[in-house]
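Colleague: Just passing along the structure, written as structure tokens.
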Amino acid sequence: MKKRGIKIIIAFIFYIIAIIISHIEKINNIWISNSIFIISYLIVGLDILKRALRNILRGKVFDENFLMTIATIGAFGIGEFPEAVAVMLFYQVGEWFQSYSVNKSRKSISSLMDIRPDYANLKKENGIEKVDPDEVKIGDIILVKPGEKIPLDGIVVDGTSMLDTKALTGEAIPRKVKIQDEVLSGCINQDGVIEIKVTKEFGESTVSKILELVENASSNKSKSENFITKFAKYYTPAVVIIAVVLAVVPPLIISGAEFSKWLYRALSFLVVSCPCALVISIPLSFFGGIGGASKIGVLIKGSNYLEALSSTEITVFDKTGTLTKGVFEVQKVEAKQIEKEELIKFSAYAEYYSNHPIAKSIKNAYGKEIDKTKILNTKEISGEGIRTTVYEKEVLIGNAKLMISNNIKYEECKEIGTILYVAIDKVYVGYILIADEIKQDARKTIEVLKNNGIKQTVMLTRR
């Protein structure tokens with residue numbers, strides 16, 4: 001990009017110098033100005049000439065490089081040196097802007113490559129060795145520390161932790177994993193140290209498949225691109241044939257017609273009819289669209305999918321982290337038989353060892369230091385909640401299933417949000433309502449979509 005830009009600037013300077021020399025009477029030497037024009041042309045157009053010759057030798061004659069070459073060399077042939085250089089200059093400026101746009105889109109797409117792990121902590125007999133993920137084999141044990149990316153797909157064989165899966169799923173809520181749970185590469189380990197038995201080599205892992213999708217996003221061509229590719233095969237030769245006819249036939253059949261004038265018109269026709277803008281602009285617009293989406297973290301698998309979006313009528317949204325902020329807060333505390341402060345205190349103590357966002361929201365609502373010596377025998381009951389002992393009292397906190405399985409009579413809450421029922425010594429003492437906060441731009445987003453032809457918006461979530 002930088003070299004091409006410098007070439008264009010230098011060629012333009014030579015072009016201006018040649019123009020000035022040709023208009024100064026004292027120095028008006030046509031050989032000097034024409035020589036400088038040729039130097040300017042070679043600086044800016046030599047790579048196009050080489051490309052055209054290379055393609056001709058390969059049997060690919062009719063392309064934009066061939067058209068630009070014969071048009072500009074033809075202009076030199078009829079003595080229109082300034083126009084020959086100007087055409088090549090403008091063409092290269094257009095190519096430079098195209099390359100700039102492509103590079104910008106490519107950088108946006110490559111930003112999604114951050115999910116690629118740099119290393120894996122391979123467990124060996126003599127300790128832990130940091131290796132390239134490609135070197136790890138199926139069946140090997142790898143260690144993943146807090147804050148590290150999981151480098152390969154596998155099964156947890158030791159430890160528990162919370163995983164940030166946003167890079168893969170977009171899900172804002174961390175996922176808890178324990179022994180025998182399957183984990184995917186690209187996730188970030190948040191707290192505990194876990195050991196993973198590798199089930200897929202790096203080339204077959206989830207993160208590799210995603211990277212492959214990103215890198216090949218432009219290979220899935222849209223109908224428009226496929227049409228233009230076929231169209232150019234027939235259009236370009238047709239343009240060259242018409243240009244030849246335009247240069248040769250009129251001087252033969254029209255009396256007084258000058259060959260040089262009709263050759264000039266034919267060359268002008270070649271430049272104007274050059275399909276490069278048409279052939280380049282459509283793929284470039286799709287590539288730019290994919291790159292622009294990648295810049296804001298949206299991966300579109302190919303031009304065909306981007307084209308399909310233009311006829312979309314229904315949009316389906318995830319809720320947490322998409323329409324909402326993914327930040328949970330205590331919205332309501334309803335206490336029975338005890339004070340609200342007591343209910344929050346016992347709940348915060350019960351959730352002390354949990355790193356789940358809901359647990360954190362309760363601890364934040366309590367806002368005081370927790371004496372962990374008062375907490376004993378904490379046990380997490382899968383799919384239900386937590387049983388623990390706080391200040392020598394048995395505390396149960398969780399969903400309705402926890403209350404039912406322990407034969408505790410409770411009052412069902414019908415409010416929208418996550419409901420945590422609390423029981424102390426087998427007696428129901430109230431509930432805590434926790435809810436996410438709607439993003440400020442969620443309403444505007446829905447309105448903009450509907451104003452742009454989206455007929456229906458759907459929130460896909462679970463209770």
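Note on naming: chains are A, B, ... as they come in the structure tokens, residues start from 1 per chain, ligands start from 1 in the order shown.
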So which residues touch Lys325 in chain A within 7 Å, counting only C-alpha atoms, skipping near sequence neighbours fewer than 5 positions away, as a ChimeraX atom specification?
Modeller: /A:320,436-439
Colleague: Excluding same-chain residues fewer than 2 positions from Lys363 in chain A, what lies within 10 Å of it counting only C-alpha atoms, as a PDB file with N, CA, C and O atoms, in the first residue's frame?
Modeller:
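Saved result, out.pdb, follows:
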ATOM      1  N   VAL A 330     -29.956  -7.009  42.047  1.00  0.00           N
ATOM      2  CA  VAL A 330     -31.104  -7.332  42.896  1.00  0.00           C
ATOM      3  C   VAL A 330     -32.151  -6.242  42.718  1.00  0.00           C
ATOM      4  O   VAL A 330     -31.889  -5.061  42.959  1.00  0.00           O
ATOM      5  N   ILE A 344     -30.966 -10.804  53.057  1.00  0.00           N
ATOM      6  CA  ILE A 344     -29.837 -10.523  52.163  1.00  0.00           C
ATOM      7  C   ILE A 344     -28.544 -11.050  52.761  1.00  0.00           C
ATOM      8  O   ILE A 344     -27.697 -11.625  52.063  1.00  0.00           O
ATOM      9  N   LYS A 345     -28.378 -10.875  54.077  1.00  0.00           N
ATOM     10  CA  LYS A 345     -27.151 -11.318  54.744  1.00  0.00           C
ATOM     11  C   LYS A 345     -26.977 -12.832  54.618  1.00  0.00           C
ATOM     12  O   LYS A 345     -25.917 -13.314  54.189  1.00  0.00           O
ATOM     13  N   SER A 347     -28.360 -14.834  52.524  1.00  0.00           N
ATOM     14  CA  SER A 347     -28.219 -15.196  51.101  1.00  0.00           C
ATOM     15  C   SER A 347     -26.799 -14.920  50.604  1.00  0.00           C
ATOM     16  O   SER A 347     -26.218 -15.734  49.881  1.00  0.00           O
ATOM     17  N   ALA A 348     -26.226 -13.777  50.984  1.00  0.00           N
ATOM     18  CA  ALA A 348     -24.864 -13.423  50.579  1.00  0.00           C
ATOM     19  C   ALA A 348     -23.850 -14.409  51.143  1.00  0.00           C
ATOM     20  O   ALA A 348     -22.903 -14.822  50.456  1.00  0.00           O
ATOM     21  N   TYR A 349     -24.052 -14.796  52.422  1.00  0.00           N
ATOM     22  CA  TYR A 349     -23.165 -15.781  53.047  1.00  0.00           C
ATOM     23  C   TYR A 349     -23.267 -17.125  52.320  1.00  0.00           C
ATOM     24  O   TYR A 349     -22.264 -17.794  52.065  1.00  0.00           O
ATOM     25  N   ALA A 350     -24.500 -17.516  51.979  1.00  0.00           N
ATOM     26  CA  ALA A 350     -24.714 -18.801  51.300  1.00  0.00           C
ATOM     27  C   ALA A 350     -24.065 -18.823  49.916  1.00  0.00           C
ATOM     28  O   ALA A 350     -23.570 -19.863  49.462  1.00  0.00           O
ATOM     29  N   GLU A 351     -24.025 -17.673  49.253  1.00  0.00           N
ATOM     30  CA  GLU A 351     -23.467 -17.579  47.896  1.00  0.00           C
ATOM     31  C   GLU A 351     -21.987 -17.182  47.897  1.00  0.00           C
ATOM     32  O   GLU A 351     -21.415 -16.921  46.836  1.00  0.00           O
ATOM     33  N   TYR A 352     -21.362 -17.153  49.055  1.00  0.00           N
ATOM     34  CA  TYR A 352     -19.998 -16.632  49.179  1.00  0.00           C
ATOM     35  C   TYR A 352     -19.005 -17.321  48.243  1.00  0.00           C
ATOM     36  O   TYR A 352     -18.172 -16.683  47.612  1.00  0.00           O
ATOM     37  N   SER A 354     -19.532 -18.908  45.466  1.00  0.00           N
ATOM     38  CA  SER A 354     -19.938 -18.978  44.057  1.00  0.00           C
ATOM     39  C   SER A 354     -19.470 -17.745  43.293  1.00  0.00           C
ATOM     40  O   SER A 354     -19.523 -16.621  43.808  1.00  0.00           O
ATOM     41  N   PRO A 357     -22.629 -14.845  38.148  1.00  0.00           N
ATOM     42  CA  PRO A 357     -23.085 -13.442  38.160  1.00  0.00           C
ATOM     43  C   PRO A 357     -24.251 -13.190  39.110  1.00  0.00           C
ATOM     44  O   PRO A 357     -24.346 -12.112  39.708  1.00  0.00           O
ATOM     45  N   ILE A 358     -25.155 -14.178  39.251  1.00  0.00           N
ATOM     46  CA  ILE A 358     -26.299 -14.004  40.157  1.00  0.00           C
ATOM     47  C   ILE A 358     -25.810 -13.950  41.600  1.00  0.00           C
ATOM     48  O   ILE A 358     -26.268 -13.118  42.401  1.00  0.00           O
ATOM     49  N   ALA A 359     -24.853 -14.819  41.946  1.00  0.00           N
ATOM     50  CA  ALA A 359     -24.277 -14.819  43.293  1.00  0.00           C
ATOM     51  C   ALA A 359     -23.563 -13.497  43.570  1.00  0.00           C
ATOM     52  O   ALA A 359     -23.686 -12.916  44.656  1.00  0.00           O
ATOM     53  N   LYS A 360     -22.831 -13.019  42.574  1.00  0.00           N
ATOM     54  CA  LYS A 360     -22.122 -11.740  42.732  1.00  0.00           C
ATOM     55  C   LYS A 360     -23.090 -10.589  42.962  1.00  0.00           C
ATOM     56  O   LYS A 360     -22.810  -9.672  43.740  1.00  0.00           O
ATOM     57  N   SER A 361     -24.241 -10.621  42.280  1.00  0.00           N
ATOM     58  CA  SER A 361     -25.225  -9.543  42.439  1.00  0.00           C
ATOM     59  C   SER A 361     -25.786  -9.518  43.869  1.00  0.00           C
ATOM     60  O   SER A 361     -26.035  -8.445  44.418  1.00  0.00           O
ATOM     61  N   ALA A 365     -25.279  -6.546  46.605  1.00  0.00           N
ATOM     62  CA  ALA A 365     -26.430  -5.941  47.289  1.00  0.00           C
ATOM     63  C   ALA A 365     -26.218  -5.916  48.800  1.00  0.00           C
ATOM     64  O   ALA A 365     -26.629  -4.972  49.479  1.00  0.00           O
ATOM     65  N   TYR A 366     -25.557  -6.949  49.348  1.00  0.00           N
ATOM     66  CA  TYR A 366     -25.253  -6.989  50.778  1.00  0.00           C
ATOM     67  C   TYR A 366     -24.228  -5.914  51.120  1.00  0.00           C
ATOM     68  O   TYR A 366     -24.380  -5.163  52.079  1.00  0.00           O
ATOM     69  N   GLY A 367     -23.166  -5.837  50.339  1.00  0.00           N
ATOM     70  CA  GLY A 367     -22.201  -4.750  50.433  1.00  0.00           C
ATOM     71  C   GLY A 367     -21.330  -4.705  51.663  1.00  0.00           C
ATOM     72  O   GLY A 367     -20.668  -3.694  51.922  1.00  0.00           O
ATOM     73  N   LYS A 368     -21.324  -5.759  52.469  1.00  0.00           N
ATOM     74  CA  LYS A 368     -20.509  -5.771  53.684  1.00  0.00           C
ATOM     75  C   LYS A 368     -19.525  -6.940  53.627  1.00  0.00           C
ATOM     76  O   LYS A 368     -19.660  -7.862  52.828  1.00  0.00           O
ATOM     77  N   GLU A 369     -18.546  -6.887  54.517  1.00  0.00           N
ATOM     78  CA  GLU A 369     -17.549  -7.955  54.566  1.00  0.00           C
ATOM     79  C   GLU A 369     -18.184  -9.231  55.104  1.00  0.00           C
ATOM     80  O   GLU A 369     -18.983  -9.197  56.046  1.00  0.00           O
ATOM     81  N   ILE A 370     -17.841 -10.351  54.492  1.00  0.00           N
ATOM     82  CA  ILE A 370     -18.395 -11.642  54.889  1.00  0.00           C
ATOM     83  C   ILE A 370     -17.363 -12.420  55.702  1.00  0.00           C
ATOM     84  O   ILE A 370     -16.209 -12.583  55.273  1.00  0.00           O
TER      85      ILE A 370
END
Colleague: Could you tell me, as a list in words, which residues of range 89-187 of chain A DSSP assigns to strand (DSSP E or B) when given the backbone?
Modeller: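 Everything in range 89-187 of chain A that counts as strand (DSSP E or B) is Ala120, Asn121, Leu122, Lys123, Lys124, Gly127, Ile128, Glu129, Lys130, Val131, Ile141, Ile142, Leu143, Val144, Lys149, Gly154, Ile155, Val156, Val157, Asp158, Ser161, Met162, Leu163, Asp164, Arg175, Lys176, Val177, Glu182 and Val183 of chain A.
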Colleague: Could you give me, as an mmCIF file with N, CA, C and O atoms, in the first residue's frame, the residues within 12 Å of Gly321 in chain A, counting only C-alpha atoms and dropping anything in the same chain fewer than 4 positions from it?
Modeller:
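Below you can see out-v2.cif, which holds the result:
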data_model
loop_
_atom_site.group_PDB
_atom_site.id
_atom_site.type_symbol
_atom_site.label_atom_id
_atom_site.label_comp_id
_atom_site.auth_asym_id
_atom_site.auth_seq_id
_atom_site.Cartn_x
_atom_site.Cartn_y
_atom_site.Cartn_z
ATOM 1 N N THR A 165 -17.713 -17.719 27.665
ATOM 2 C CA THR A 165 -17.916 -18.329 26.340
ATOM 3 C C THR A 165 -18.349 -17.312 25.282
ATOM 4 O O THR A 165 -18.760 -17.696 24.189
ATOM 5 N N LYS A 166 -18.260 -16.018 25.600
ATOM 6 C CA LYS A 166 -18.776 -14.976 24.680
ATOM 7 C C LYS A 166 -18.194 -15.068 23.282
ATOM 8 O O LYS A 166 -18.884 -14.843 22.302
ATOM 9 N N THR A 169 -20.165 -18.180 21.710
ATOM 10 C CA THR A 169 -21.628 -18.244 21.729
ATOM 11 C C THR A 169 -22.308 -16.895 21.824
ATOM 12 O O THR A 169 -23.497 -16.777 21.543
ATOM 13 N N GLY A 170 -21.558 -15.868 22.250
ATOM 14 C CA GLY A 170 -22.177 -14.563 22.479
ATOM 15 C C GLY A 170 -22.902 -14.498 23.804
ATOM 16 O O GLY A 170 -23.458 -13.451 24.162
ATOM 17 N N GLU A 171 -22.893 -15.594 24.563
ATOM 18 C CA GLU A 171 -23.605 -15.660 25.834
ATOM 19 C C GLU A 171 -22.848 -14.876 26.906
ATOM 20 O O GLU A 171 -21.671 -15.107 27.145
ATOM 21 N N ALA A 172 -23.547 -13.919 27.534
ATOM 22 C CA ALA A 172 -22.897 -13.045 28.514
ATOM 23 C C ALA A 172 -22.656 -13.740 29.850
ATOM 24 O O ALA A 172 -21.708 -13.414 30.564
ATOM 25 N N ILE A 173 -23.524 -14.682 30.204
ATOM 26 C CA ILE A 173 -23.402 -15.346 31.500
ATOM 27 C C ILE A 173 -22.323 -16.424 31.431
ATOM 28 O O ILE A 173 -22.373 -17.295 30.562
ATOM 29 N N PRO A 174 -21.340 -16.390 32.341
ATOM 30 C CA PRO A 174 -20.313 -17.437 32.352
ATOM 31 C C PRO A 174 -20.929 -18.810 32.601
ATOM 32 O O PRO A 174 -21.958 -18.932 33.262
ATOM 33 N N PHE A 317 -33.552 -12.361 18.349
ATOM 34 C CA PHE A 317 -32.547 -11.870 19.284
ATOM 35 C C PHE A 317 -32.358 -12.824 20.460
ATOM 36 O O PHE A 317 -33.312 -13.407 20.953
ATOM 37 N N LYS A 325 -27.950 -5.810 29.307
ATOM 38 C CA LYS A 325 -26.531 -5.543 29.547
ATOM 39 C C LYS A 325 -25.761 -6.767 30.016
ATOM 40 O O LYS A 325 -24.537 -6.773 29.996
ATOM 41 N N GLY A 326 -26.482 -7.796 30.465
ATOM 42 C CA GLY A 326 -25.805 -8.982 30.991
ATOM 43 C C GLY A 326 -25.229 -8.746 32.375
ATOM 44 O O GLY A 326 -24.366 -9.484 32.843
ATOM 45 N N VAL A 327 -25.708 -7.687 33.029
ATOM 46 C CA VAL A 327 -25.268 -7.363 34.394
ATOM 47 C C VAL A 327 -26.466 -7.520 35.318
ATOM 48 O O VAL A 327 -27.439 -6.768 35.223
ATOM 49 N N PHE A 328 -26.397 -8.501 36.220
ATOM 50 C CA PHE A 328 -27.532 -8.794 37.084
ATOM 51 C C PHE A 328 -27.509 -7.928 38.343
ATOM 52 O O PHE A 328 -26.449 -7.719 38.935
ATOM 53 N N ASP A 436 -31.908 -8.546 34.851
ATOM 54 C CA ASP A 436 -30.926 -7.869 34.000
ATOM 55 C C ASP A 436 -31.484 -6.500 33.627
ATOM 56 O O ASP A 436 -32.686 -6.249 33.729
ATOM 57 N N GLU A 437 -30.617 -5.620 33.167
ATOM 58 C CA GLU A 437 -31.040 -4.272 32.766
ATOM 59 C C GLU A 437 -31.036 -4.155 31.251
ATOM 60 O O GLU A 437 -30.088 -4.591 30.587
ATOM 61 N N ILE A 438 -32.113 -3.598 30.679
ATOM 62 C CA ILE A 438 -32.213 -3.449 29.219
ATOM 63 C C ILE A 438 -31.200 -2.417 28.726
ATOM 64 O O ILE A 438 -31.018 -1.365 29.342
ATOM 65 N N LYS A 439 -30.540 -2.721 27.614
ATOM 66 C CA LYS A 439 -29.584 -1.775 27.031
ATOM 67 C C LYS A 439 -30.309 -0.512 26.556
ATOM 68 O O LYS A 439 -31.444 -0.584 26.074
ATOM 69 N N ALA A 442 -31.445 -0.642 22.884
ATOM 70 C CA ALA A 442 -32.245 -1.794 22.441
ATOM 71 C C ALA A 442 -33.531 -1.335 21.745
ATOM 72 O O ALA A 442 -33.883 -1.831 20.675
ATOM 73 N N THR A 461 -35.348 -16.896 24.260
ATOM 74 C CA THR A 461 -34.720 -17.025 25.573
ATOM 75 C C THR A 461 -35.339 -18.196 26.289
ATOM 76 O O THR A 461 -36.152 -18.936 25.749
#
Colleague: For range 28-37 of chain A, work out the shell of residues within 7 Å, counting only C-alpha atoms and skipping chain neighbours fewer than 6 positions away, then give it as JSON, numbers by chain.
Modeller: {"A": [14, 15, 18, 21, 22, 81, 82, 85]}
Colleague: For N, CA, C and O atoms, I'd like the residues from the last selection saved as a compact mmCIF listing (two decimals), in the first residue's frame.
Modeller:
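Generated output (out_5.txt):
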# COMPACT_ATOMS: atom_id res chain seq x y z
N PHE A 14 5.99 13.84 -11.87
CA PHE A 14 6.58 13.82 -13.22
C PHE A 14 5.56 14.25 -14.26
O PHE A 14 5.89 14.97 -15.22
N TYR A 15 4.32 13.81 -14.08
CA TYR A 15 3.25 14.16 -15.02
C TYR A 15 3.03 15.68 -15.04
O TYR A 15 2.93 16.29 -16.12
N ALA A 18 5.95 17.41 -16.80
CA ALA A 18 5.85 17.27 -18.26
C ALA A 18 4.80 18.22 -18.83
O ALA A 18 5.03 18.83 -19.91
N ILE A 21 6.33 21.76 -18.74
CA ILE A 21 7.36 21.92 -19.78
C ILE A 21 6.72 22.07 -21.16
O ILE A 21 7.15 22.91 -21.97
N SER A 22 5.67 21.31 -21.41
CA SER A 22 5.02 21.37 -22.73
C SER A 22 4.30 22.70 -22.96
O SER A 22 3.98 23.04 -24.10
N PHE A 81 0.15 11.61 -25.46
CA PHE A 81 0.96 11.21 -24.30
C PHE A 81 0.31 11.62 -22.97
O PHE A 81 0.26 10.80 -22.04
N PRO A 82 -0.15 12.87 -22.82
CA PRO A 82 -0.76 13.27 -21.53
C PRO A 82 -1.95 12.39 -21.16
O PRO A 82 -2.10 12.01 -19.99
N VAL A 85 -0.92 8.82 -19.91
CA VAL A 85 -0.45 8.82 -18.52
C VAL A 85 -1.61 9.09 -17.56
O VAL A 85 -1.74 8.45 -16.52
Colleague: Please list as a PDB file with N, CA and C atoms, in the first residue's frame every residue within 9 Å of range 129-145 of chain A, counting only C-alpha atoms and excluding residues in the same chain fewer than 3 positions away.
Modeller:
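out.pdb written:
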ATOM      1  N   PRO A 117      -5.590 -19.367  20.499  1.00  0.00           N
ATOM      2  CA  PRO A 117      -4.686 -19.489  21.654  1.00  0.00           C
ATOM      3  C   PRO A 117      -3.228 -19.495  21.208  1.00  0.00           C
ATOM      4  N   ASP A 118      -2.370 -18.881  22.003  1.00  0.00           N
ATOM      5  CA  ASP A 118      -0.951 -18.805  21.651  1.00  0.00           C
ATOM      6  C   ASP A 118      -0.177 -20.036  22.111  1.00  0.00           C
ATOM      7  N   TYR A 119      -0.661 -20.698  23.169  1.00  0.00           N
ATOM      8  CA  TYR A 119       0.087 -21.826  23.724  1.00  0.00           C
ATOM      9  C   TYR A 119      -0.849 -22.753  24.489  1.00  0.00           C
ATOM     10  N   ALA A 120      -0.309 -23.910  24.875  1.00  0.00           N
ATOM     11  CA  ALA A 120      -1.036 -24.862  25.726  1.00  0.00           C
ATOM     12  C   ALA A 120      -0.086 -25.334  26.819  1.00  0.00           C
ATOM     13  N   ASN A 121      -0.600 -25.462  28.048  1.00  0.00           N
ATOM     14  CA  ASN A 121       0.202 -25.967  29.167  1.00  0.00           C
ATOM     15  C   ASN A 121       0.054 -27.489  29.201  1.00  0.00           C
ATOM     16  N   LEU A 122       1.015 -28.180  28.598  1.00  0.00           N
ATOM     17  CA  LEU A 122       0.950 -29.633  28.491  1.00  0.00           C
ATOM     18  C   LEU A 122       1.509 -30.283  29.756  1.00  0.00           C
ATOM     19  N   LYS A 123       0.708 -31.187  30.324  1.00  0.00           N
ATOM     20  CA  LYS A 123       1.128 -31.872  31.547  1.00  0.00           C
ATOM     21  C   LYS A 123       1.980 -33.083  31.186  1.00  0.00           C
ATOM     22  N   LYS A 124       3.212 -33.123  31.730  1.00  0.00           N
ATOM     23  CA  LYS A 124       4.131 -34.236  31.496  1.00  0.00           C
ATOM     24  C   LYS A 124       4.589 -34.810  32.834  1.00  0.00           C
ATOM     25  N   ASN A 126       7.477 -34.841  34.169  1.00  0.00           N
ATOM     26  CA  ASN A 126       8.410 -33.973  34.890  1.00  0.00           C
ATOM     27  C   ASN A 126       7.861 -32.563  35.127  1.00  0.00           C
ATOM     28  N   GLU A 148      -6.604 -17.652  31.222  1.00  0.00           N
ATOM     29  CA  GLU A 148      -6.064 -18.217  29.980  1.00  0.00           C
ATOM     30  C   GLU A 148      -7.176 -18.721  29.066  1.00  0.00           C
ATOM     31  N   LYS A 149      -6.874 -18.742  27.768  1.00  0.00           N
ATOM     32  CA  LYS A 149      -7.811 -19.316  26.796  1.00  0.00           C
ATOM     33  C   LYS A 149      -7.656 -20.832  26.785  1.00  0.00           C
ATOM     34  N   ILE A 150      -8.766 -21.514  26.600  1.00  0.00           N
ATOM     35  CA  ILE A 150      -8.703 -22.967  26.442  1.00  0.00           C
ATOM     36  C   ILE A 150      -8.224 -23.236  25.018  1.00  0.00           C
ATOM     37  N   PRO A 151      -7.044 -23.888  24.862  1.00  0.00           N
ATOM     38  CA  PRO A 151      -6.456 -24.018  23.519  1.00  0.00           C
ATOM     39  C   PRO A 151      -7.053 -25.114  22.651  1.00  0.00           C
ATOM     40  N   LEU A 152      -7.602 -26.174  23.277  1.00  0.00           N
ATOM     41  CA  LEU A 152      -8.124 -27.303  22.483  1.00  0.00           C
ATOM     42  C   LEU A 152      -9.400 -27.846  23.120  1.00  0.00           C
ATOM     43  N   GLY A 154     -11.898 -30.519  24.739  1.00  0.00           N
ATOM     44  CA  GLY A 154     -11.622 -31.662  25.600  1.00  0.00           C
ATOM     45  C   GLY A 154     -12.653 -31.837  26.695  1.00  0.00           C
ATOM     46  N   VAL A 157     -11.027 -33.154  33.549  1.00  0.00           N
ATOM     47  CA  VAL A 157     -10.721 -34.331  34.366  1.00  0.00           C
ATOM     48  C   VAL A 157     -10.368 -33.950  35.803  1.00  0.00           C
ATOM     49  N   ASN A 189     -10.951 -19.194  30.674  1.00  0.00           N
ATOM     50  CA  ASN A 189     -11.111 -19.689  32.037  1.00  0.00           C
ATOM     51  C   ASN A 189     -11.075 -18.501  33.002  1.00  0.00           C
ATOM     52  N   GLN A 190     -12.103 -18.364  33.844  1.00  0.00           N
ATOM     53  CA  GLN A 190     -12.208 -17.166  34.668  1.00  0.00           C
ATOM     54  C   GLN A 190     -11.565 -17.287  36.046  1.00  0.00           C
ATOM     55  N   ASP A 191     -11.767 -18.427  36.732  1.00  0.00           N
ATOM     56  CA  ASP A 191     -11.242 -18.463  38.101  1.00  0.00           C
ATOM     57  C   ASP A 191     -10.424 -19.707  38.432  1.00  0.00           C
ATOM     58  N   GLY A 192     -11.062 -20.885  38.544  1.00  0.00           N
ATOM     59  CA  GLY A 192     -10.351 -22.080  39.001  1.00  0.00           C
ATOM     60  C   GLY A 192      -9.377 -22.645  37.986  1.00  0.00           C
ATOM     61  N   VAL A 193      -8.406 -23.424  38.504  1.00  0.00           N
ATOM     62  CA  VAL A 193      -7.467 -24.150  37.638  1.00  0.00           C
ATOM     63  C   VAL A 193      -8.129 -25.467  37.240  1.00  0.00           C
ATOM     64  N   ILE A 194      -8.155 -25.766  35.945  1.00  0.00           N
ATOM     65  CA  ILE A 194      -8.774 -27.007  35.466  1.00  0.00           C
ATOM     66  C   ILE A 194      -7.795 -27.787  34.595  1.00  0.00           C
ATOM     67  N   GLU A 195      -7.924 -29.119  34.672  1.00  0.00           N
ATOM     68  CA  GLU A 195      -7.147 -30.000  33.798  1.00  0.00           C
ATOM     69  C   GLU A 195      -8.098 -30.612  32.782  1.00  0.00           C
ATOM     70  N   ILE A 196      -7.658 -30.616  31.526  1.00  0.00           N
ATOM     71  CA  ILE A 196      -8.519 -31.065  30.421  1.00  0.00           C
ATOM     72  C   ILE A 196      -7.849 -32.177  29.643  1.00  0.00           C
ATOM     73  N   LYS A 197      -8.607 -33.236  29.387  1.00  0.00           N
ATOM     74  CA  LYS A 197      -8.134 -34.306  28.517  1.00  0.00           C
ATOM     75  C   LYS A 197      -8.541 -33.969  27.087  1.00  0.00           C
ATOM     76  N   VAL A 198      -7.576 -33.830  26.207  1.00  0.00           N
ATOM     77  CA  VAL A 198      -7.822 -33.354  24.842  1.00  0.00           C
ATOM     78  C   VAL A 198      -8.551 -34.426  24.024  1.00  0.00           C
ATOM     79  N   THR A 199      -9.615 -34.015  23.336  1.00  0.00           N
ATOM     80  CA  THR A 199     -10.398 -34.951  22.506  1.00  0.00           C
ATOM     81  C   THR A 199     -10.266 -34.674  21.009  1.00  0.00           C
ATOM     82  N   LYS A 200      -9.739 -33.492  20.660  1.00  0.00           N
ATOM     83  CA  LYS A 200      -9.551 -33.147  19.239  1.00  0.00           C
ATOM     84  C   LYS A 200      -8.216 -32.449  19.057  1.00  0.00           C
ATOM     85  N   GLU A 201      -7.539 -32.760  17.964  1.00  0.00           N
ATOM     86  CA  GLU A 201      -6.316 -32.039  17.645  1.00  0.00           C
ATOM     87  C   GLU A 201      -6.657 -30.599  17.284  1.00  0.00           C
ATOM     88  N   PHE A 202      -5.651 -29.727  17.329  1.00  0.00           N
ATOM     89  CA  PHE A 202      -5.911 -28.303  17.141  1.00  0.00           C
ATOM     90  C   PHE A 202      -6.582 -27.999  15.795  1.00  0.00           C
ATOM     91  N   GLY A 203      -6.161 -28.716  14.751  1.00  0.00           N
ATOM     92  CA  GLY A 203      -6.719 -28.485  13.414  1.00  0.00           C
ATOM     93  C   GLY A 203      -8.197 -28.799  13.315  1.00  0.00           C
TER      94      GLY A 203
END
Colleague: Write down as a list of chain:residue names the residues of range 316-428 of chain A whose backbone DSSP state falls under alpha helix (DSSP H).
Modeller: A:Lys340, A:Glu341, A:Glu342, A:Leu343, A:Ile344, A:Lys345, A:Phe346, A:Ser347, A:Ala348, A:Tyr349, A:Ala350, A:Pro357, A:Ile358, A:Ala359, A:Lys360, A:Ser361, A:Ile362, A:Lys363, A:Asn364, A:Ala365, A:Tyr366, A:Ala400, A:Lys401, A:Leu402, A:Met403, A:Ile404, A:Ser405
